[in-house]
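Colleague: Pasting run-v7.cif below, which is mmCIF, C-alpha atoms and all ligand atoms.
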data_protein
#
loop_
_atom_site.label_atom_id
_atom_site.label_comp_id
_atom_site.auth_asym_id
_atom_site.auth_seq_id
_atom_site.Cartn_x
_atom_site.Cartn_y
_atom_site.Cartn_z
CA MET A 1 0.00 0.00 0.00
CA MET A 2 1.05 3.55 -0.63
CA ASP A 3 0.51 6.77 1.26
CA ARG A 4 -2.08 8.85 -0.54
CA GLY A 5 -0.42 12.17 0.28
CA ASN A 6 -2.07 15.23 1.77
CA GLY A 7 -3.51 16.75 -1.38
CA THR A 8 -0.70 19.26 -1.83
CA ILE A 9 1.71 18.41 -4.63
CA LEU A 10 3.51 19.89 -7.62
CA PHE A 11 3.23 18.10 -10.96
CA ARG A 12 6.33 19.38 -12.68
CA ASN A 13 7.11 19.34 -16.40
CA VAL A 14 4.07 17.39 -17.51
CA VAL A 15 2.45 17.38 -20.96
CA LEU A 16 -0.84 19.03 -20.11
CA LEU A 17 -4.06 18.41 -21.98
CA ASP A 18 -6.19 20.75 -19.94
CA GLY A 19 -9.68 19.78 -20.95
CA SER A 20 -10.11 21.97 -23.99
CA MET A 21 -8.30 18.98 -25.54
CA GLU A 22 -7.21 21.10 -28.52
CA LYS A 23 -3.47 21.33 -27.91
CA ALA A 24 -1.09 19.96 -25.33
CA LYS A 25 1.53 22.13 -23.63
CA ALA A 26 4.51 21.67 -21.32
CA ALA A 27 3.33 22.77 -17.90
CA ASP A 28 3.73 22.77 -14.13
CA VAL A 29 0.52 22.19 -12.18
CA SER A 30 0.47 22.88 -8.48
CA VAL A 31 -2.24 21.45 -6.25
CA GLU A 32 -3.09 22.70 -2.79
CA GLU A 33 -5.46 20.88 -0.48
CA GLY A 34 -7.02 18.94 -3.31
CA ARG A 35 -7.61 21.86 -5.67
CA ILE A 36 -5.64 23.20 -8.60
CA ALA A 37 -3.74 26.26 -7.35
CA VAL A 38 -1.57 27.30 -10.32
CA VAL A 39 -1.17 26.15 -13.92
CA ALA A 40 2.08 27.59 -15.32
CA GLU A 41 4.69 27.11 -18.03
CA ALA A 42 6.96 24.13 -17.37
CA GLY A 43 9.85 25.17 -15.11
CA ASP A 44 8.07 28.21 -13.65
CA LEU A 45 7.01 26.77 -10.29
CA ILE A 46 9.22 26.05 -7.32
CA ALA A 47 8.44 22.97 -5.24
CA THR A 48 7.75 23.40 -1.57
CA GLY A 49 6.54 19.88 -0.77
CA ASP A 50 5.74 16.69 -2.70
CA VAL A 51 6.77 16.67 -6.35
CA PHE A 52 5.92 14.47 -9.29
CA ASP A 53 8.34 15.03 -12.16
CA GLY A 54 6.83 14.24 -15.57
CA ARG A 55 10.19 14.83 -17.30
CA GLY A 56 8.40 16.08 -20.40
CA LYS A 57 7.10 12.64 -21.26
CA THR A 58 4.15 12.14 -18.96
CA ALA A 59 0.77 13.44 -20.04
CA LEU A 60 -1.51 14.93 -17.39
CA LEU A 61 -5.19 15.12 -18.23
CA PRO A 62 -8.43 15.30 -16.29
CA GLY A 63 -9.37 11.95 -14.70
CA PHE A 64 -11.90 9.75 -16.48
CA ALA A 65 -15.50 9.57 -15.28
CA ASN A 66 -17.27 6.26 -15.82
CA ALA A 67 -20.71 7.82 -15.75
CA HIS A 68 -22.82 4.66 -15.77
CA THR A 69 -21.99 1.38 -14.11
CA HIS A 70 -23.19 -1.13 -11.55
CA SER A 71 -19.89 -1.70 -9.76
CA ALA A 72 -20.71 -4.75 -7.68
CA MET A 73 -21.56 -6.65 -10.87
CA THR A 74 -17.86 -7.52 -11.00
CA LEU A 75 -19.08 -10.51 -8.95
CA LEU A 76 -21.41 -11.50 -11.81
CA ARG A 77 -18.93 -11.13 -14.65
CA GLY A 78 -19.28 -13.90 -17.23
CA LEU A 79 -22.75 -14.87 -16.11
CA GLY A 80 -25.36 -15.57 -18.81
CA GLU A 81 -23.07 -14.43 -21.58
CA GLU A 82 -24.46 -13.91 -25.07
CA SER A 83 -28.16 -13.78 -24.24
CA PRO A 84 -30.68 -10.99 -25.04
CA LEU A 85 -31.06 -8.19 -22.46
CA LEU A 86 -34.42 -9.13 -20.97
CA GLU A 87 -33.71 -12.85 -20.89
CA TRP A 88 -30.26 -12.15 -19.43
CA LEU A 89 -31.76 -9.94 -16.71
CA LYS A 90 -34.75 -12.13 -15.84
CA GLU A 91 -33.17 -15.57 -15.99
CA ARG A 92 -29.57 -15.01 -14.97
CA ILE A 93 -28.93 -11.67 -13.31
CA TRP A 94 -32.02 -10.85 -11.23
CA PRO A 95 -32.20 -14.27 -9.45
CA ILE A 96 -28.59 -13.91 -8.28
CA GLU A 97 -29.02 -10.24 -7.42
CA ALA A 98 -31.94 -11.23 -5.18
CA ARG A 99 -29.38 -13.12 -3.06
CA LEU A 100 -26.82 -10.33 -2.86
CA THR A 101 -25.93 -9.11 0.61
CA LYS A 102 -24.41 -5.90 1.92
CA GLU A 103 -21.07 -7.64 2.29
CA ALA A 104 -21.12 -8.99 -1.25
CA VAL A 105 -21.92 -5.55 -2.66
CA ARG A 106 -19.13 -4.02 -0.60
CA TRP A 107 -16.46 -6.38 -1.93
CA GLY A 108 -17.81 -6.41 -5.47
CA THR A 109 -17.70 -2.60 -5.51
CA LEU A 110 -14.18 -2.51 -4.11
CA GLN A 111 -13.13 -4.97 -6.81
CA ALA A 112 -14.56 -2.56 -9.42
CA ILE A 113 -12.70 0.35 -7.82
CA VAL A 114 -9.44 -1.63 -8.06
CA GLU A 115 -10.03 -2.14 -11.79
CA MET A 116 -11.14 1.43 -12.46
CA ALA A 117 -8.40 3.14 -10.43
CA ALA A 118 -5.66 1.29 -12.29
CA ALA A 119 -7.17 2.38 -15.62
CA GLY A 120 -7.21 6.11 -14.82
CA THR A 121 -10.85 6.41 -13.76
CA THR A 122 -11.30 8.94 -10.97
CA ALA A 123 -15.11 9.01 -10.75
CA PHE A 124 -17.90 6.53 -11.24
CA GLY A 125 -21.69 6.73 -11.49
CA ASP A 126 -23.33 3.77 -9.83
CA MET A 127 -26.90 2.54 -9.72
CA TYR A 128 -27.38 -0.51 -7.50
CA PHE A 129 -28.55 -1.47 -4.04
CA PHE A 130 -26.93 -1.55 -0.59
CA MET A 131 -25.68 1.83 -1.77
CA ASP A 132 -24.52 2.80 1.71
CA ASP A 133 -21.84 0.16 1.28
CA VAL A 134 -20.98 1.46 -2.19
CA ALA A 135 -20.63 4.98 -0.76
CA ARG A 136 -18.42 3.66 2.03
CA ALA A 137 -16.22 1.78 -0.46
CA ALA A 138 -15.77 4.96 -2.50
CA ALA A 139 -15.06 7.01 0.63
CA GLU A 140 -12.46 4.56 1.93
CA THR A 141 -10.57 4.33 -1.35
CA GLY A 142 -10.75 8.05 -2.11
CA MET A 143 -12.70 7.59 -5.35
CA ARG A 144 -15.21 10.16 -6.56
CA SER A 145 -18.75 8.90 -7.03
CA GLY A 146 -22.28 9.77 -8.12
CA LEU A 147 -24.61 7.22 -6.55
CA CYS A 148 -28.24 6.20 -6.68
CA ARG A 149 -30.32 3.44 -5.18
CA GLY A 150 -31.77 1.57 -8.17
CA LEU A 151 -35.57 1.48 -7.94
CA VAL A 152 -37.72 -1.17 -9.60
CA GLY A 153 -41.18 0.15 -8.77
CA THR A 154 -41.61 2.83 -6.11
CA ASP A 155 -41.81 0.76 -2.96
CA GLU A 156 -41.82 3.30 -0.14
CA ALA A 157 -39.08 1.67 1.92
CA LYS A 158 -36.74 1.61 -1.08
CA VAL A 159 -37.47 5.22 -2.02
CA ALA A 160 -36.79 6.17 1.60
CA GLU A 161 -33.51 4.26 1.42
CA GLY A 162 -32.53 6.34 -1.62
CA LEU A 163 -33.35 9.57 0.19
CA ALA A 164 -31.47 8.47 3.31
CA LEU A 165 -28.46 7.81 1.09
CA ALA A 166 -28.61 11.48 0.05
CA GLU A 167 -28.92 12.63 3.65
CA THR A 168 -25.79 10.73 4.66
CA TRP A 169 -23.56 10.91 1.63
CA ASP A 170 -24.49 13.76 -0.72
CA ARG A 171 -21.50 16.16 -0.82
CA PHE A 172 -19.41 13.93 1.49
CA GLU A 173 -15.89 15.39 1.43
CA ASP A 174 -16.91 17.04 -1.87
CA ARG A 175 -16.38 13.67 -3.56
CA CYS A 176 -19.86 12.17 -3.54
CA ARG A 177 -23.16 13.20 -5.10
CA VAL A 178 -26.40 11.29 -4.74
CA GLN A 179 -29.12 10.95 -7.38
CA ILE A 180 -32.53 9.30 -7.38
CA GLY A 181 -32.42 6.14 -9.52
CA PRO A 182 -35.59 4.85 -11.19
CA HIS A 183 -34.27 1.78 -13.02
CA ALA A 184 -36.08 2.29 -16.34
CA PRO A 185 -39.43 3.32 -17.86
CA TYR A 186 -40.39 -0.36 -18.06
CA THR A 187 -39.78 -1.04 -14.35
CA VAL A 188 -41.19 2.21 -12.91
CA ASP A 189 -44.60 3.35 -14.22
CA PRO A 190 -45.32 6.96 -15.27
CA GLU A 191 -46.99 7.78 -11.95
CA GLY A 192 -43.90 6.49 -10.14
CA LEU A 193 -41.58 8.49 -12.38
CA LYS A 194 -43.65 11.59 -11.67
CA LYS A 195 -43.41 11.02 -7.94
CA LEU A 196 -39.63 10.53 -8.10
CA ALA A 197 -39.16 13.59 -10.32
CA SER A 198 -41.00 15.77 -7.84
CA LEU A 199 -38.93 14.35 -4.96
CA ALA A 200 -35.77 15.12 -6.93
CA LEU A 201 -36.90 18.68 -7.52
CA GLU A 202 -37.86 19.15 -3.89
CA ARG A 203 -34.53 17.81 -2.59
CA GLY A 204 -32.31 19.35 -5.26
CA LEU A 205 -31.12 15.93 -6.47
CA GLY A 206 -30.47 14.58 -9.94
CA ILE A 207 -32.13 11.57 -11.58
CA HIS A 208 -30.24 8.72 -13.22
CA LEU A 209 -32.18 6.14 -15.24
CA HIS A 210 -31.81 3.65 -18.05
CA TRP A 211 -33.42 5.17 -21.13
CA LEU A 212 -34.24 3.61 -24.50
CA GLU A 213 -31.57 0.95 -24.30
CA THR A 214 -33.40 -1.46 -26.63
CA ALA A 215 -35.92 -1.08 -29.45
CA TRP A 216 -38.30 -3.16 -27.34
CA GLU A 217 -38.39 -0.37 -24.77
CA VAL A 218 -39.63 2.15 -27.33
CA ASP A 219 -42.42 -0.27 -28.31
CA HIS A 220 -43.29 -0.72 -24.65
CA ILE A 221 -43.61 3.04 -24.11
CA ARG A 222 -45.77 3.43 -27.22
CA LYS A 223 -47.96 0.34 -26.83
CA GLU A 224 -48.25 -0.12 -23.08
CA LEU A 225 -47.82 3.40 -21.81
CA LYS A 226 -49.53 4.93 -24.88
CA ARG A 227 -47.13 7.82 -25.21
CA GLU A 228 -44.09 8.93 -27.13
CA PRO A 229 -40.79 8.66 -25.20
CA LEU A 230 -40.26 12.44 -25.15
CA GLU A 231 -43.80 12.97 -23.86
CA LEU A 232 -43.04 10.63 -20.98
CA LEU A 233 -39.97 12.69 -20.02
CA GLU A 234 -41.96 15.91 -20.27
CA GLU A 235 -45.17 14.98 -18.50
CA THR A 236 -43.48 13.19 -15.58
CA GLY A 237 -41.34 16.25 -14.92
CA LEU A 238 -38.10 14.32 -15.49
CA LEU A 239 -36.86 16.98 -17.92
CA GLY A 240 -37.13 19.61 -15.22
CA VAL A 241 -35.10 17.96 -12.44
CA PRO A 242 -31.76 19.56 -11.44
CA HIS A 243 -29.90 16.96 -13.47
CA LEU A 244 -31.17 14.13 -15.64
CA SER A 245 -28.76 11.37 -16.71
CA LEU A 246 -30.16 9.11 -19.40
CA ALA A 247 -28.09 5.92 -19.62
CA HIS A 248 -27.80 4.37 -23.11
CA GLY A 249 -30.24 6.43 -25.22
CA VAL A 250 -29.67 4.03 -28.11
CA TRP A 251 -33.13 4.61 -29.57
CA ILE A 252 -33.51 8.37 -29.07
CA ASP A 253 -35.31 9.78 -32.10
CA GLU A 254 -33.51 12.49 -34.05
CA GLY A 255 -36.59 14.69 -33.82
CA ASP A 256 -36.40 14.62 -30.00
CA MET A 257 -32.76 15.62 -29.71
CA LYS A 258 -33.29 19.39 -29.66
CA ALA A 259 -35.51 18.98 -26.60
CA LEU A 260 -32.67 17.13 -24.83
CA ALA A 261 -30.08 19.81 -25.61
CA ARG A 262 -30.39 21.35 -22.16
CA GLU A 263 -27.81 22.18 -19.54
CA ASN A 264 -29.41 19.75 -17.06
CA VAL A 265 -29.53 16.68 -19.34
CA THR A 266 -26.78 14.17 -20.20
CA VAL A 267 -27.05 11.07 -22.35
CA ILE A 268 -24.57 8.43 -21.18
CA HIS A 269 -23.23 6.38 -24.05
CA ASN A 270 -22.19 2.79 -23.21
CA PRO A 271 -20.90 1.52 -26.55
CA SER A 272 -19.38 -1.82 -25.50
CA SER A 273 -22.42 -2.88 -23.49
CA ASN A 274 -24.75 -1.88 -26.33
CA MET A 275 -22.67 -3.86 -28.80
CA LYS A 276 -22.35 -6.93 -26.59
CA LEU A 277 -26.07 -7.08 -25.81
CA GLY A 278 -26.90 -6.34 -29.45
CA SER A 279 -28.97 -3.34 -28.34
CA GLY A 280 -28.06 -1.12 -31.28
CA ILE A 281 -25.86 1.86 -32.09
CA ALA A 282 -26.63 5.03 -30.14
CA PRO A 283 -26.94 8.08 -32.45
CA VAL A 284 -24.08 9.87 -30.70
CA ALA A 285 -22.88 11.99 -33.61
CA ALA A 286 -26.41 13.33 -34.11
CA LEU A 287 -26.83 13.96 -30.37
CA VAL A 288 -23.59 15.94 -30.26
CA GLU A 289 -24.57 17.90 -33.38
CA ALA A 290 -27.92 18.73 -31.74
CA GLY A 291 -26.03 20.14 -28.74
CA VAL A 292 -26.83 17.32 -26.31
CA SER A 293 -24.22 16.65 -23.62
CA VAL A 294 -22.94 13.06 -23.96
CA ALA A 295 -20.85 11.19 -21.39
CA LEU A 296 -19.34 7.70 -21.45
CA GLY A 297 -19.97 4.64 -19.30
CA THR A 298 -19.00 1.01 -19.20
CA ASP A 299 -22.26 -0.29 -17.72
CA GLY A 300 -21.80 -3.25 -15.34
CA ALA A 301 -18.96 -5.73 -15.67
CA ALA A 302 -21.48 -8.45 -16.57
CA SER A 303 -22.41 -6.71 -19.82
CA ASN A 304 -19.11 -5.23 -21.02
CA ASN A 305 -17.04 -7.01 -19.49
CA ARG A 306 -14.36 -4.39 -18.80
CA LEU A 307 -14.50 -1.29 -16.63
CA ASP A 308 -12.07 0.56 -18.84
CA LEU A 309 -12.84 4.02 -20.19
CA TRP A 310 -9.98 3.78 -22.69
CA GLN A 311 -11.84 0.95 -24.33
CA GLU A 312 -15.08 2.96 -24.38
CA MET A 313 -13.33 6.01 -25.86
CA ARG A 314 -11.85 4.07 -28.73
CA THR A 315 -15.04 2.09 -29.33
CA ALA A 316 -17.23 5.22 -29.24
CA ALA A 317 -14.95 6.97 -31.71
CA LEU A 318 -14.88 4.04 -34.14
CA LEU A 319 -18.54 3.10 -33.84
CA ALA A 320 -19.79 6.60 -34.63
CA LYS A 321 -17.68 6.63 -37.78
CA VAL A 322 -18.96 3.25 -38.94
CA ALA A 323 -22.57 4.21 -38.19
CA ARG A 324 -22.31 7.33 -40.36
CA GLN A 325 -19.76 5.93 -42.80
CA ASP A 326 -17.93 9.17 -42.16
CA PRO A 327 -14.45 9.38 -40.56
CA THR A 328 -14.88 13.04 -39.61
CA VAL A 329 -17.61 12.59 -36.98
CA LEU A 330 -16.91 12.53 -33.26
CA PRO A 331 -13.28 13.68 -33.25
CA ALA A 332 -10.83 12.51 -30.57
CA ARG A 333 -10.93 15.76 -28.59
CA LYS A 334 -14.73 15.45 -28.31
CA ILE A 335 -14.35 11.86 -27.13
CA LEU A 336 -11.93 12.98 -24.39
CA GLU A 337 -14.37 15.66 -23.30
CA MET A 338 -17.13 13.02 -23.06
CA ALA A 339 -14.87 10.78 -20.95
CA THR A 340 -13.92 13.58 -18.54
CA VAL A 341 -15.80 16.83 -17.95
CA ALA A 342 -19.14 15.69 -19.42
CA GLY A 343 -19.10 12.58 -17.21
CA ALA A 344 -18.24 14.55 -14.07
CA ARG A 345 -21.05 17.00 -14.83
CA SER A 346 -23.54 14.18 -15.27
CA LEU A 347 -22.63 12.92 -11.79
CA GLY A 348 -23.37 16.36 -10.37
CA PHE A 349 -19.91 17.96 -10.17
CA ASP A 350 -19.42 21.39 -11.70
CA ASP A 351 -15.78 21.86 -10.64
CA VAL A 352 -14.36 18.54 -11.86
CA GLY A 353 -13.05 17.50 -15.27
CA LEU A 354 -10.90 20.42 -16.41
CA VAL A 355 -7.36 21.32 -15.37
CA ARG A 356 -8.22 24.86 -14.34
CA LYS A 357 -7.34 27.01 -11.33
CA GLY A 358 -9.74 26.39 -8.44
CA TRP A 359 -11.10 23.13 -9.84
CA GLN A 360 -10.69 19.83 -8.00
CA ALA A 361 -7.43 18.05 -8.81
CA ASP A 362 -8.57 14.78 -10.40
CA PHE A 363 -5.95 13.62 -12.91
CA VAL A 364 -4.78 10.69 -14.94
CA LEU A 365 -1.06 10.50 -15.75
CA VAL A 366 -0.07 8.72 -18.94
CA ASP A 367 3.34 7.41 -19.98
CA LEU A 368 4.14 8.86 -23.41
CA ASP A 369 7.40 6.96 -23.54
CA LYS A 370 5.66 3.82 -24.83
CA PRO A 371 6.44 2.74 -28.41
CA HIS A 372 2.93 3.42 -29.68
CA TYR A 373 3.22 7.12 -28.78
CA THR A 374 6.21 7.63 -31.06
CA GLY A 375 5.43 10.73 -33.09
CA TRP A 376 3.05 12.45 -30.64
CA ASP A 377 3.18 16.21 -30.58
CA ARG A 378 1.16 19.03 -29.06
CA GLU A 379 -1.33 19.05 -31.93
CA ASN A 380 -1.98 15.31 -32.21
CA LEU A 381 -1.83 14.10 -28.61
CA ALA A 382 -5.62 13.70 -28.25
CA LEU A 383 -5.63 11.50 -31.36
CA PHE A 384 -2.78 9.35 -30.04
CA LEU A 385 -4.55 8.88 -26.71
CA VAL A 386 -7.92 7.90 -28.19
CA TYR A 387 -6.75 5.71 -31.09
CA ALA A 388 -3.41 4.27 -29.90
CA GLY A 389 -3.68 4.58 -26.13
CA ALA A 390 -4.71 1.95 -23.62
CA SER A 391 -5.24 1.68 -19.89
CA SER A 392 -1.85 -0.01 -19.59
CA ASP A 393 -0.29 3.40 -20.35
CA VAL A 394 -1.62 4.89 -17.10
CA ILE A 395 1.07 5.49 -14.49
CA GLY A 396 -0.94 7.39 -11.92
CA THR A 397 -4.50 8.15 -10.86
CA VAL A 398 -5.13 11.16 -8.65
CA VAL A 399 -8.35 12.30 -6.94
CA GLN A 400 -8.42 15.60 -5.03
CA GLY A 401 -4.65 15.78 -5.36
CA ARG A 402 -4.17 12.39 -3.68
CA TRP A 403 -2.80 9.26 -5.28
CA ILE A 404 -5.29 6.43 -5.56
CA TRP A 405 -2.97 4.29 -7.65
CA ARG A 406 0.60 4.83 -8.75
CA GLU A 407 2.76 2.54 -10.89
CA GLY A 408 1.08 -0.68 -9.84
CA VAL A 409 0.58 0.24 -6.21
CA PHE A 410 -2.79 1.09 -4.65
CA SER A 411 -3.38 3.42 -1.71
CA PHE A 412 -5.64 0.73 -0.22
CA ASP A 413 -5.43 -2.97 0.50
CA ASP A 414 -6.16 -4.46 -2.93
CA GLU A 415 -5.02 -7.95 -1.98
CA THR A 416 -7.72 -8.35 0.64
CA ILE A 417 -10.23 -6.97 -1.86
CA ARG A 418 -9.30 -9.57 -4.47
CA THR A 419 -9.49 -12.41 -1.96
CA GLU A 420 -12.85 -11.31 -0.57
CA ALA A 421 -14.36 -10.65 -4.00
CA LYS A 422 -13.35 -14.12 -5.14
CA GLU A 423 -14.89 -15.67 -2.04
CA TRP A 424 -18.17 -13.76 -2.45
CA ARG A 425 -18.43 -14.73 -6.07
CA ARG A 426 -18.00 -18.37 -5.07
CA LYS A 427 -20.74 -18.03 -2.45
CA LEU A 428 -23.13 -16.44 -4.94
CA ILE A 429 -22.52 -18.44 -8.06
CA GLY A 430 -20.50 -21.45 -6.95
ZN ZN A 501 -26.95 -0.12 -16.69
#
Write out the structure in this file as structure tokens.
Modeller:
Amino acid sequence: MMDRGNGTILFRNVVLLDGSMEKAKAADVSVEEGRIAVVAEAGDLIATGDVFDGRGKTALLPGFANAHTHSAMTLLRGLGEESPLLEWLKERIWPIEARLTKEAVRWGTLQAIVEMAAAGTTAFGDMYFFMDDVARAAAETGMRSGLCRGLVGTDEAKVAEGLALAETWDRFEDRCRVQIGPHAPYTVDPEGLKKLASLALERGLGIHLHWLETAWEVDHIRKELKREPLELLEETGLLGVPHLSLAHGVWIDEGDMKALARENVTVIHNPSSNMKLGSGIAPVAALVEAGVSVALGTDGAASNNRLDLWQEMRTAALLAKVARQDPTVLPARKILEMATVAGARSLGFDDVGLVRKGWQADFVLVDLDKPHYTGWDRENLALFLVYAGASSDVIGTVVQGRWIWREGVFSFDDETIRTEAKEWRRKLIG
């Protein structure tokens, strides 16, 4: 294990991609008490405490936000592979989830944090249950999180659990935000969605839900609920909550996109999960063109099966080009913005995701000395990262100026986590 540090550190002579993602520059970045204090030309700042020397060949960029996942599903990885979404959920996933315990969720979540931290992810958006234990796992490891208690139906006790989560954890150490989490429009009826939207408004909380993941879901809304999808968002008040995160959005109609181009709405694109479950190709290029904020997520480890934002960045970039048969759509710098600042915003953070004075110091450090970065320069670095880069290039992950992971070493006891996660998987699945 490694000491996390006290949140005050100078990152000297790094290759900074500050979030505008246009051009890299040689820089010194000083961090005080978890926030970015000064961004200067390389060589301009004098160290007074801890120093990380990038030696001109380490990129520093905002940390990645995995905006939609179900962390504890690391315990269910490999289960019911290659079956359709509803069959997979009903026959394989839900029966096992019904047997999950607090302890299992704790260790499954910690296992996910191990995987994410080593891949440069500094924040994750989680919808699951036993969320108190998820919040505790994030707090203990120093990870940033946006959490919601997943609601199938609007059982009062479960809704109350979700609100209690907000009471305890929302704004905890400025690293946690809590949302209300109706699972999907096919598991919570319109009345229920309306009730949750008004609770969100009343408490100043965001809403995170699965939205139009499969074509079946659109049919369900039209035939069973007798509405158009956009009407459902409007009449339930979901569009008016402080922040609305729509996970997947594969089947969003082009005609509805303008209505979603609002400051308080994010569509979270999960390309690998959508591909693996055969759900379809989300119209991301069109969403971006319509001005909709789009973030990236992995979804749970049982439907991806990686928790690796590098993989999602590359897949999102390639998939959009195939879908349009146009190599110019969704450029690398846009992809990086989706993986960083847009994700942080969707989780409820408005001072995370850019390397800017006063913002929280969440960074990923990348080794540009690897063979596949030969030829990078200030103009093309974003392209190298998205198309040639991989999580194995990460050499450090920093949240609030503190190391979570550095060159193979975690700031928490990852060995115990691996042992416990293995044991809980055995107990659940055999
Ligand atoms: Zn999901």
Colleague: Residues within 7 Å of ligand ZN 501 (chain A) should be enumerated using all atoms listed in the file and returned as a list in words.
Modeller: His68, Thr69, His70, His210, Ala247, Asp299 and Gly300 of chain A
Colleague: List the residues sitting within 8 Å of (-26.6, 3.8, -28.8) in the file's frame, using only C-alpha atoms, as an NGL selection string.
Modeller: :A and (213 or 248-251 or 269-271 or 274 or 279-284)
Colleague: Need to verify the contact set: Leu45 in chain A, 10 Å, all atoms listed in the file, exclusion of same-chain residues closer than 4 positions in sequence. Can you return it as JSON, numbers by chain?
Modeller: {"A": [10, 11, 12, 13, 27, 28, 29, 30, 38, 39, 40, 41]}
Colleague: Go through A:Leu230, A:Ala42, A:Leu238, A:Val178 one by one, measure the shortest atom-to-atom distance of each to Ala259 in chain A using only C-alpha atoms, and give the residue with the smallest value.
Modeller: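 Selected residue with least distance to Ala259 in chain A: A:Leu230.
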Colleague: What is the CA of Leu89 in chain A to CA of Ala119 in chain A distance in Å?
Modeller: 27.5 Å
Colleague: Considering all atoms listed in the file, can you say which of A:Lys226, A:Lys422, A:Arg378, A:Arg333 comes closest to Gly56 in chain A?
Modeller: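 The closest residue to Gly56 in chain A is A:Arg378.
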Colleague: One decimal, in Å: what's the spacing between CA of Glu103 in chain A and CA of Glu415 in chain A?
Modeller: 16.6 Å
Colleague: I'd like the neighbourhood of range 183-200 of chain A as a list in words, where a residue qualifies if any of its atoms comes within 8 Å (using all atoms listed in the file), though same-chain residues fewer than 2 positions away should be ignored.
Modeller: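 Residues near the query, excluding close chain neighbours: Gly150, Leu151, Val152, Gly153, Thr154, Gln179, Ile180, Gly181, Glu202, Arg203, Gly204, Leu205, Gly206, Ile207, Leu209, His210, Trp211, Glu217, His220, Ile221, Leu225, Leu232, Glu235, Thr236, Gly237, Leu238, Val241 and Pro242 of chain A.
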Colleague: Please provide as a ChimeraX atom specification all residues within 7 Å of range 134-145 of chain A, with the sequence filter that same-chain residues fewer than 3 positions apart are discarded (counting all atoms listed in the file).
Modeller: /A:106,109-110,122-125,130-131,175-177,399,404,412
Colleague: Expressed in Å to a single decimal, how great is the separation between CA of Arg314 in chain A and CA of Leu85 in chain A?
Modeller: 23.6 Å
Colleague: Just want the 12 Å neighbourhood of Trp88 in chain A, counted on only C-alpha atoms, with same-chain residues fewer than 2 positions away dropped. Output as a VMD selection string.
Modeller: chain A and resid 76 78 to 86 90 to 96 276 to 277 302 to 303
Colleague: So that I can check the surroundings of range 158-169 of chain A, please list as a VMD selection string every protein, DNA and RNA residue that reaches within 6 Å of it, counting only C-alpha atoms and ignoring chain neighbours fewer than 2 positions away.
Modeller: chain A and resid 149 155 to 156 172 178
Colleague: Which of these residues is nearest to Asn264 in chain A, using only C-alpha atoms: A:Val329, A:Ala342, A:Ala317, A:Leu354?
Modeller: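 Checking each of A:Val329, A:Ala342, A:Ala317, A:Leu354 against Asn264 in chain A, counting only C-alpha atoms, the winner is A:Ala342.
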Colleague: Please report, as lines of an AutoDock Vina configuration file, the centre and edge lengths in Å to one decimal of an axis-aligned box covering all listed atoms of range 399-406 of chain A with 3 Å per side.
Modeller:
center_x = -3.9
center_y = 10.0
center_z = -6.2
size_x = 15.0
size_y = 17.5
size_z = 11.1
Colleague: From the list A:Leu330, A:Met275, A:Ala301, A:Glu312, which residue is nearest Val288 in chain A when using only C-alpha atoms?
Modeller: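 Ranking A:Leu330, A:Met275, A:Ala301, A:Glu312 by distance to Val288 in chain A, first place goes to A:Leu330.
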